[in-house]
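Only one structure is covered here, and it is reproduced in the block below.
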Amino acid sequence: MYTHTRGARRRRLVLFALLLLILVIGLGWWSACARRANAPAAFEQLGLELVAPSLRAAASVRKRVVPAPQYAFKPLTAVGLERLRQLEAENSQLRATLELRERFSTHAIVAEVIGRNSVPWEGNLLIGKGSADGVQPHMVAVVPDGVVGQVAEVSAHLAKIMLITDTVSGVPAMLARTQAPGVVKGDGGGMCRLLYLDGNADVLAGDRVITSGLGVIFPRGLPIGTVRAVTSNATLSSRSAVIIPAVDLARVEFVVLVN
(Lines give C-alpha, C1' and ligand atoms only; values in the text may rest on other atoms or scores of the structure.)
Protein backbone atom coordinates (compact mmCIF):
# COMPACT_ATOMS: atom_id res chain seq x y z
CA MET A 1 0.00 0.00 0.00
CA TYR A 2 2.79 2.38 0.97
CA THR A 3 4.72 1.57 -2.23
CA HIS A 4 1.57 2.19 -4.31
CA THR A 5 1.07 5.60 -2.65
CA ARG A 6 4.66 6.62 -3.30
CA GLY A 7 4.37 5.53 -6.92
CA ALA A 8 1.18 7.56 -7.42
CA ARG A 9 2.77 10.59 -5.86
CA ARG A 10 5.81 10.25 -8.08
CA ARG A 11 3.60 10.00 -11.18
CA ARG A 12 1.72 13.16 -10.15
CA LEU A 13 5.00 15.03 -9.68
CA VAL A 14 6.26 13.90 -13.08
CA LEU A 15 2.97 14.93 -14.71
CA PHE A 16 3.07 18.33 -12.99
CA ALA A 17 6.67 18.87 -14.13
CA LEU A 18 5.75 17.99 -17.72
CA LEU A 19 2.76 20.36 -17.70
CA LEU A 20 4.93 23.16 -16.28
CA LEU A 21 7.59 22.56 -18.95
CA ILE A 22 4.96 22.64 -21.70
CA LEU A 23 3.55 25.90 -20.28
CA VAL A 24 6.98 27.57 -20.15
CA ILE A 25 7.81 26.46 -23.71
CA GLY A 26 4.39 27.64 -24.92
CA LEU A 27 4.75 31.07 -23.31
CA GLY A 28 8.25 31.44 -24.73
CA TRP A 29 7.07 30.51 -28.23
CA TRP A 30 4.09 32.90 -27.93
CA SER A 31 6.32 35.72 -26.79
CA ALA A 32 8.84 35.11 -29.59
CA CYS A 33 6.11 35.06 -32.25
CA ALA A 34 4.56 38.25 -30.87
CA ARG A 35 7.95 39.96 -30.77
CA ARG A 36 8.73 39.06 -34.37
CA ALA A 37 5.36 40.55 -35.34
CA ASN A 38 5.96 43.65 -33.19
CA ALA A 39 2.78 42.79 -31.24
CA PRO A 40 2.82 42.27 -27.46
CA ALA A 41 1.51 38.98 -26.09
CA ALA A 42 -1.46 39.37 -23.76
CA PHE A 43 0.40 37.93 -20.76
CA GLU A 44 3.22 40.46 -21.29
CA GLN A 45 0.71 43.32 -21.14
CA LEU A 46 -0.65 41.85 -17.90
CA GLY A 47 2.88 41.57 -16.57
CA LEU A 48 3.57 45.21 -17.36
CA GLU A 49 0.49 46.28 -15.43
CA LEU A 50 1.39 44.10 -12.44
CA VAL A 51 4.90 45.53 -12.11
CA ALA A 52 3.92 49.15 -12.82
CA PRO A 53 3.35 50.19 -9.17
CA SER A 54 6.62 48.69 -7.94
CA LEU A 55 8.62 50.24 -10.79
CA ARG A 56 7.16 53.69 -10.11
CA ALA A 57 7.89 53.30 -6.41
CA ALA A 58 11.48 52.23 -7.11
CA ALA A 59 12.03 55.22 -9.43
CA SER A 60 10.66 57.54 -6.76
CA VAL A 61 12.84 56.02 -4.02
CA ARG A 62 15.98 56.42 -6.16
CA LYS A 63 15.38 60.15 -6.28
CA ARG A 64 15.00 60.41 -2.49
CA VAL A 65 17.84 58.19 -1.30
CA VAL A 66 19.99 61.18 -0.33
CA PRO A 67 18.28 63.98 1.62
CA ALA A 68 18.49 67.51 0.29
CA PRO A 69 21.64 69.23 1.64
CA GLN A 70 21.25 72.24 3.93
CA TYR A 71 23.17 74.83 1.93
CA ALA A 72 22.71 77.72 4.37
CA PHE A 73 23.87 75.97 7.53
CA LYS A 74 26.77 73.69 6.71
CA PRO A 75 29.08 72.88 3.79
CA LEU A 76 28.11 70.15 1.35
CA THR A 77 29.47 66.68 1.95
CA ALA A 78 30.84 64.57 -0.90
CA VAL A 79 27.51 62.73 -1.03
CA GLY A 80 25.62 66.04 -1.11
CA LEU A 81 27.80 67.37 -3.93
CA GLU A 82 27.24 64.22 -5.98
CA ARG A 83 23.50 64.42 -5.39
CA LEU A 84 23.53 68.08 -6.43
CA ARG A 85 25.33 67.19 -9.66
CA GLN A 86 22.76 64.47 -10.34
CA LEU A 87 19.86 66.87 -9.78
CA GLU A 88 21.43 69.50 -12.05
CA ALA A 89 21.95 66.89 -14.79
CA GLU A 90 18.36 65.64 -14.44
CA ASN A 91 16.96 69.17 -14.52
CA SER A 92 19.05 70.04 -17.56
CA GLN A 93 17.91 66.91 -19.40
CA LEU A 94 14.27 67.54 -18.50
CA ARG A 95 14.43 71.16 -19.72
CA ALA A 96 15.97 70.05 -23.01
CA THR A 97 13.32 67.32 -23.33
CA LEU A 98 10.47 69.79 -22.77
CA GLU A 99 11.97 72.15 -25.37
CA LEU A 100 12.16 69.22 -27.79
CA ARG A 101 8.47 68.46 -27.23
CA GLU A 102 7.59 72.05 -28.14
CA ARG A 103 9.52 71.67 -31.41
CA PHE A 104 7.37 68.74 -32.46
CA SER A 105 3.83 69.53 -31.35
CA THR A 106 1.63 69.95 -28.33
CA HIS A 107 0.50 66.35 -28.88
CA ALA A 108 3.96 64.96 -28.13
CA ILE A 109 4.20 63.09 -24.82
CA VAL A 110 7.04 63.40 -22.30
CA ALA A 111 7.61 60.21 -20.29
CA GLU A 112 10.08 59.19 -17.59
CA VAL A 113 12.16 56.03 -17.89
CA ILE A 114 11.39 53.84 -14.87
CA GLY A 115 13.02 50.56 -15.89
CA ARG A 116 15.64 49.05 -18.19
CA ASN A 117 16.33 45.65 -19.66
CA SER A 118 19.31 44.61 -21.72
CA VAL A 119 20.25 41.15 -22.94
CA PRO A 120 22.57 40.13 -25.80
CA TRP A 121 19.80 40.04 -28.42
CA GLU A 122 17.53 42.86 -27.34
CA GLY A 123 17.28 45.99 -25.25
CA ASN A 124 14.39 48.09 -24.08
CA LEU A 125 13.25 50.82 -21.74
CA LEU A 126 10.10 50.92 -19.62
CA ILE A 127 8.37 54.27 -19.32
CA GLY A 128 5.80 55.32 -16.76
CA LYS A 129 3.03 56.19 -19.21
CA GLY A 130 0.68 53.99 -21.22
CA SER A 131 -2.49 53.96 -23.29
CA ALA A 132 -4.36 55.87 -20.56
CA ASP A 133 -1.94 58.75 -21.22
CA GLY A 134 -2.25 58.59 -25.01
CA VAL A 135 0.74 56.34 -25.73
CA GLN A 136 0.27 54.16 -28.82
CA PRO A 137 2.33 51.37 -30.41
CA HIS A 138 5.02 52.52 -32.86
CA MET A 139 5.27 56.05 -31.47
CA VAL A 140 8.86 57.24 -31.94
CA ALA A 141 10.93 57.91 -28.80
CA VAL A 142 13.44 60.75 -29.14
CA VAL A 143 15.66 62.91 -26.94
CA PRO A 144 17.51 66.11 -27.86
CA ASP A 145 20.50 64.10 -29.13
CA GLY A 146 18.47 61.91 -31.47
CA VAL A 147 16.43 58.71 -31.85
CA VAL A 148 16.04 56.31 -28.94
CA GLY A 149 13.65 53.79 -30.50
CA GLN A 150 9.95 53.13 -30.87
CA VAL A 151 7.11 51.97 -28.63
CA ALA A 152 6.83 48.20 -28.94
CA GLU A 153 4.31 47.28 -26.24
CA VAL A 154 1.69 49.29 -24.37
CA SER A 155 -0.44 48.60 -21.31
CA ALA A 156 -2.75 51.05 -19.56
CA HIS A 157 -0.03 52.69 -17.46
CA LEU A 158 3.29 51.43 -18.84
CA ALA A 159 4.97 51.11 -22.22
CA LYS A 160 8.06 49.35 -23.49
CA ILE A 161 10.40 51.10 -25.92
CA MET A 162 12.43 48.97 -28.29
CA LEU A 163 15.84 50.61 -28.70
CA ILE A 164 17.45 51.20 -32.08
CA THR A 165 20.26 48.86 -30.96
CA ASP A 166 17.81 45.93 -30.69
CA THR A 167 18.34 43.26 -33.34
CA VAL A 168 14.63 43.41 -34.27
CA SER A 169 14.70 47.16 -34.77
CA GLY A 170 14.82 48.64 -38.26
CA VAL A 171 14.94 52.36 -39.10
CA PRO A 172 14.81 53.77 -42.66
CA ALA A 173 17.87 56.03 -42.81
CA MET A 174 20.24 57.94 -45.04
CA LEU A 175 23.61 59.64 -44.94
CA ALA A 176 23.20 63.33 -44.13
CA ARG A 177 26.08 64.33 -46.44
CA THR A 178 25.09 62.41 -49.59
CA GLN A 179 21.51 61.29 -48.82
CA ALA A 180 22.43 57.72 -49.80
CA PRO A 181 19.58 55.56 -48.40
CA GLY A 182 19.82 52.48 -46.24
CA VAL A 183 18.32 50.81 -43.17
CA VAL A 184 19.75 51.00 -39.65
CA LYS A 185 19.48 47.81 -37.61
CA GLY A 186 20.76 47.09 -34.12
CA ASP A 187 23.55 44.62 -33.50
CA GLY A 188 22.34 43.69 -30.00
CA GLY A 189 25.60 44.89 -28.47
CA GLY A 190 24.99 48.60 -28.12
CA MET A 191 25.85 49.53 -31.72
CA CYS A 192 23.97 49.70 -35.04
CA ARG A 193 24.69 48.92 -38.68
CA LEU A 194 23.65 50.89 -41.75
CA LEU A 195 22.73 48.20 -44.29
CA TYR A 196 21.72 47.99 -47.97
CA LEU A 197 23.88 50.88 -49.15
CA ASP A 198 24.65 50.85 -52.86
CA GLY A 199 28.04 49.37 -53.70
CA ASN A 200 29.19 52.74 -55.04
CA ALA A 201 27.75 54.79 -52.18
CA ASP A 202 29.98 57.62 -50.97
CA VAL A 203 30.25 56.87 -47.25
CA LEU A 204 33.09 57.77 -44.91
CA ALA A 205 33.91 57.33 -41.26
CA GLY A 206 32.49 60.32 -39.40
CA ASP A 207 29.45 60.72 -41.67
CA ARG A 208 26.22 61.50 -39.81
CA VAL A 209 23.28 59.14 -40.28
CA ILE A 210 19.72 60.48 -40.00
CA THR A 211 16.20 59.15 -40.53
CA SER A 212 15.12 59.25 -44.17
CA GLY A 213 11.38 59.66 -43.52
CA LEU A 214 10.53 56.62 -45.66
CA GLY A 215 7.83 54.41 -44.21
CA VAL A 216 5.15 55.55 -41.79
CA ILE A 217 6.91 55.56 -38.41
CA PHE A 218 10.03 57.73 -38.23
CA PRO A 219 9.95 61.42 -39.27
CA ARG A 220 12.68 62.65 -41.59
CA GLY A 221 15.89 64.24 -40.36
CA LEU A 222 16.25 62.82 -36.82
CA PRO A 223 19.86 62.04 -35.80
CA ILE A 224 20.62 58.33 -35.51
CA GLY A 225 24.38 58.17 -35.17
CA THR A 226 27.82 58.50 -36.74
CA VAL A 227 29.64 56.13 -39.10
CA ARG A 228 32.51 54.40 -37.35
CA ALA A 229 33.68 52.00 -40.07
CA VAL A 230 32.69 50.97 -43.59
CA THR A 231 32.67 47.49 -45.13
CA SER A 232 31.98 46.31 -48.68
CA ASN A 233 30.44 43.10 -49.99
CA ALA A 234 31.69 42.45 -53.52
CA THR A 235 29.35 39.48 -53.99
CA LEU A 236 26.24 41.52 -53.26
CA SER A 237 27.60 44.78 -54.72
CA SER A 238 26.63 46.58 -51.54
CA ARG A 239 28.22 48.42 -48.64
CA SER A 240 27.41 48.67 -44.96
CA ALA A 241 28.65 50.72 -42.04
CA VAL A 242 29.03 50.37 -38.29
CA ILE A 243 27.12 53.17 -36.53
CA ILE A 244 27.78 54.71 -33.12
CA PRO A 245 24.35 55.79 -31.79
CA ALA A 246 23.91 59.55 -31.29
CA VAL A 247 22.17 58.91 -27.96
CA ASP A 248 23.85 57.44 -24.89
CA LEU A 249 21.03 54.95 -24.36
CA ALA A 250 22.29 53.91 -20.92
CA ARG A 251 21.71 57.44 -19.58
CA VAL A 252 18.28 58.28 -20.97
CA GLU A 253 15.97 59.48 -18.16
CA PHE A 254 13.15 61.12 -20.16
CA VAL A 255 11.88 60.65 -23.71
CA VAL A 256 9.53 62.49 -26.03
CA LEU A 257 7.03 60.29 -27.85
CA VAL A 258 5.86 61.51 -31.26
CA ASN A 259 3.72 60.09 -34.07
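Lettering and numbering for the C-alpha coordinates are positional, with chains as A, B, ... in the shown order, residues counted from 1 in each chain, and ligands counted from 1 in the shown order.
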Exercise for the section: Extract, using only C-alpha atoms, all DNA, RNA and protein residues at most 7 Å from range 158-173 of chain A, discarding same-chain residues fewer than 2 positions from it, and format them as a ChimeraX atom specification. Expected result: /A:48-49,52,121-130,148-156,181-188,190-192,209-214
For N, CA and C atoms, I'd like the residues from the last selection saved as an mmCIF file, in the first residue's frame.
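File produced: out.cif:
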data_model
loop_
_atom_site.group_PDB
_atom_site.id
_atom_site.type_symbol
_atom_site.label_atom_id
_atom_site.label_comp_id
_atom_site.auth_asym_id
_atom_site.auth_seq_id
_atom_site.Cartn_x
_atom_site.Cartn_y
_atom_site.Cartn_z
ATOM 1 N N LEU A 48 3.218 43.801 -17.459
ATOM 2 C CA LEU A 48 3.571 45.215 -17.356
ATOM 3 C C LEU A 48 2.701 45.916 -16.336
ATOM 4 N N GLU A 49 1.403 45.623 -16.372
ATOM 5 C CA GLU A 49 0.491 46.277 -15.429
ATOM 6 C C GLU A 49 0.774 45.846 -13.993
ATOM 7 N N ALA A 52 3.921 47.687 -12.720
ATOM 8 C CA ALA A 52 3.921 49.147 -12.823
ATOM 9 C C ALA A 52 4.044 49.840 -11.467
ATOM 10 N N TRP A 121 20.526 39.937 -27.135
ATOM 11 C CA TRP A 121 19.801 40.039 -28.420
ATOM 12 C C TRP A 121 18.728 41.115 -28.434
ATOM 13 N N GLU A 122 18.539 41.813 -27.326
ATOM 14 C CA GLU A 122 17.525 42.856 -27.335
ATOM 15 C C GLU A 122 17.841 43.883 -26.257
ATOM 16 N N GLY A 123 17.134 44.979 -26.279
ATOM 17 C CA GLY A 123 17.284 45.988 -25.245
ATOM 18 C C GLY A 123 16.056 46.882 -25.264
ATOM 19 N N ASN A 124 15.564 47.243 -24.094
ATOM 20 C CA ASN A 124 14.389 48.094 -24.079
ATOM 21 C C ASN A 124 14.351 48.933 -22.818
ATOM 22 N N LEU A 125 13.506 49.951 -22.878
ATOM 23 C CA LEU A 125 13.251 50.820 -21.738
ATOM 24 C C LEU A 125 11.780 50.709 -21.364
ATOM 25 N N LEU A 126 11.485 50.822 -20.090
ATOM 26 C CA LEU A 126 10.104 50.915 -19.621
ATOM 27 C C LEU A 126 9.841 52.355 -19.213
ATOM 28 N N ILE A 127 8.735 52.907 -19.681
ATOM 29 C CA ILE A 127 8.368 54.268 -19.319
ATOM 30 C C ILE A 127 7.080 54.255 -18.503
ATOM 31 N N GLY A 128 6.919 55.276 -17.692
ATOM 32 C CA GLY A 128 5.796 55.318 -16.761
ATOM 33 C C GLY A 128 4.528 55.909 -17.314
ATOM 34 N N LYS A 129 4.286 55.761 -18.599
ATOM 35 C CA LYS A 129 3.030 56.185 -19.205
ATOM 36 C C LYS A 129 2.576 55.124 -20.188
ATOM 37 N N GLY A 130 1.228 55.013 -20.340
ATOM 38 C CA GLY A 130 0.683 53.991 -21.224
ATOM 39 C C GLY A 130 -0.493 54.498 -22.023
ATOM 40 N N VAL A 148 15.859 57.347 -29.947
ATOM 41 C CA VAL A 148 16.042 56.307 -28.940
ATOM 42 C C VAL A 148 15.486 54.976 -29.441
ATOM 43 N N GLY A 149 14.280 55.010 -30.011
ATOM 44 C CA GLY A 149 13.646 53.789 -30.503
ATOM 45 C C GLY A 149 12.182 54.035 -30.789
ATOM 46 N N GLN A 150 11.378 53.001 -30.646
ATOM 47 C CA GLN A 150 9.945 53.128 -30.865
ATOM 48 C C GLN A 150 9.192 52.295 -29.841
ATOM 49 N N VAL A 151 7.949 52.692 -29.589
ATOM 50 C CA VAL A 151 7.110 51.974 -28.629
ATOM 51 C C VAL A 151 6.750 50.606 -29.213
ATOM 52 N N ALA A 152 7.089 49.557 -28.470
ATOM 53 C CA ALA A 152 6.831 48.199 -28.939
ATOM 54 C C ALA A 152 5.626 47.572 -28.261
ATOM 55 N N GLU A 153 5.421 47.861 -26.983
ATOM 56 C CA GLU A 153 4.310 47.280 -26.239
ATOM 57 C C GLU A 153 3.705 48.351 -25.333
ATOM 58 N N VAL A 154 2.391 48.292 -25.180
ATOM 59 C CA VAL A 154 1.687 49.291 -24.373
ATOM 60 C C VAL A 154 0.660 48.608 -23.482
ATOM 61 N N SER A 155 0.644 48.974 -22.204
ATOM 62 C CA SER A 155 -0.440 48.601 -21.311
ATOM 63 C C SER A 155 -1.090 49.908 -20.869
ATOM 64 N N ALA A 156 -2.017 49.850 -19.944
ATOM 65 C CA ALA A 156 -2.749 51.054 -19.556
ATOM 66 C C ALA A 156 -1.841 52.121 -18.961
ATOM 67 N N PRO A 181 20.529 56.222 -49.303
ATOM 68 C CA PRO A 181 19.576 55.558 -48.404
ATOM 69 C C PRO A 181 20.071 54.200 -47.916
ATOM 70 N N GLY A 182 19.526 53.795 -46.800
ATOM 71 C CA GLY A 182 19.820 52.479 -46.239
ATOM 72 C C GLY A 182 18.854 52.205 -45.101
ATOM 73 N N VAL A 183 19.131 51.165 -44.338
ATOM 74 C CA VAL A 183 18.324 50.805 -43.165
ATOM 75 C C VAL A 183 19.254 50.562 -41.989
ATOM 76 N N VAL A 184 18.951 51.193 -40.868
ATOM 77 C CA VAL A 184 19.751 51.002 -39.655
ATOM 78 C C VAL A 184 19.117 49.901 -38.813
ATOM 79 N N LYS A 185 19.922 48.899 -38.472
ATOM 80 C CA LYS A 185 19.481 47.815 -37.606
ATOM 81 C C LYS A 185 20.444 47.689 -36.429
ATOM 82 N N GLY A 186 19.915 47.264 -35.282
ATOM 83 C CA GLY A 186 20.756 47.088 -34.116
ATOM 84 C C GLY A 186 21.575 45.817 -34.206
ATOM 85 N N ASP A 187 22.731 45.824 -33.518
ATOM 86 C CA ASP A 187 23.551 44.615 -33.500
ATOM 87 C C ASP A 187 23.406 43.859 -32.181
ATOM 88 N N GLY A 188 22.548 44.364 -31.266
ATOM 89 C CA GLY A 188 22.337 43.691 -30.000
ATOM 90 C C GLY A 188 23.441 43.903 -28.992
ATOM 91 N N GLY A 190 24.840 47.183 -28.395
ATOM 92 C CA GLY A 190 24.990 48.602 -28.116
ATOM 93 C C GLY A 190 25.357 49.438 -29.335
ATOM 94 N N MET A 191 25.530 48.811 -30.488
ATOM 95 C CA MET A 191 25.853 49.530 -31.719
ATOM 96 C C MET A 191 24.774 49.239 -32.768
ATOM 97 N N CYS A 192 24.901 49.913 -33.925
ATOM 98 C CA CYS A 192 23.974 49.702 -35.043
ATOM 99 C C CYS A 192 24.779 49.491 -36.318
ATOM 100 N N VAL A 209 24.396 59.927 -39.761
ATOM 101 C CA VAL A 209 23.277 59.142 -40.285
ATOM 102 C C VAL A 209 22.002 59.670 -39.655
ATOM 103 N N ILE A 210 20.998 59.937 -40.477
ATOM 104 C CA ILE A 210 19.723 60.482 -39.999
ATOM 105 C C ILE A 210 18.573 59.656 -40.564
ATOM 106 N N THR A 211 17.375 59.847 -40.003
ATOM 107 C CA THR A 211 16.199 59.154 -40.529
ATOM 108 C C THR A 211 15.846 59.719 -41.899
ATOM 109 N N SER A 212 15.423 58.833 -42.802
ATOM 110 C CA SER A 212 15.121 59.254 -44.174
ATOM 111 C C SER A 212 13.668 59.702 -44.334
ATOM 112 N N GLY A 213 12.798 59.311 -43.395
ATOM 113 C CA GLY A 213 11.385 59.659 -43.520
ATOM 114 C C GLY A 213 10.593 58.667 -44.349
ATOM 115 N N LEU A 214 11.259 57.648 -44.923
ATOM 116 C CA LEU A 214 10.531 56.622 -45.664
ATOM 117 C C LEU A 214 9.762 55.749 -44.677
#
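The coordinates place CA of Val113 in chain A at 5.7 Å from CA of Phe254 in chain A.
Here the question is which of A:Val143, A:Met174, A:Leu257, A:Ile25 gets nearest to Ile217 in chain A using only C-alpha atoms, and that residue is A:Leu257.
Take the candidates A:Leu19, A:Ala8, A:Ala229, A:Val147 and check each one against Ile243 in chain A using only C-alpha atoms; the shortest distance goes to A:Ala229.
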If you count only C-alpha atoms, the residue of A:Thr178, A:Ser232, A:Thr226, A:Asn259 closest to Ala141 in chain A turns out to be A:Asn259
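Atom pair CA of Val135 in chain A / CA of Ile109 in chain A has a distance of 7.6 Å (rounded to one decimal).
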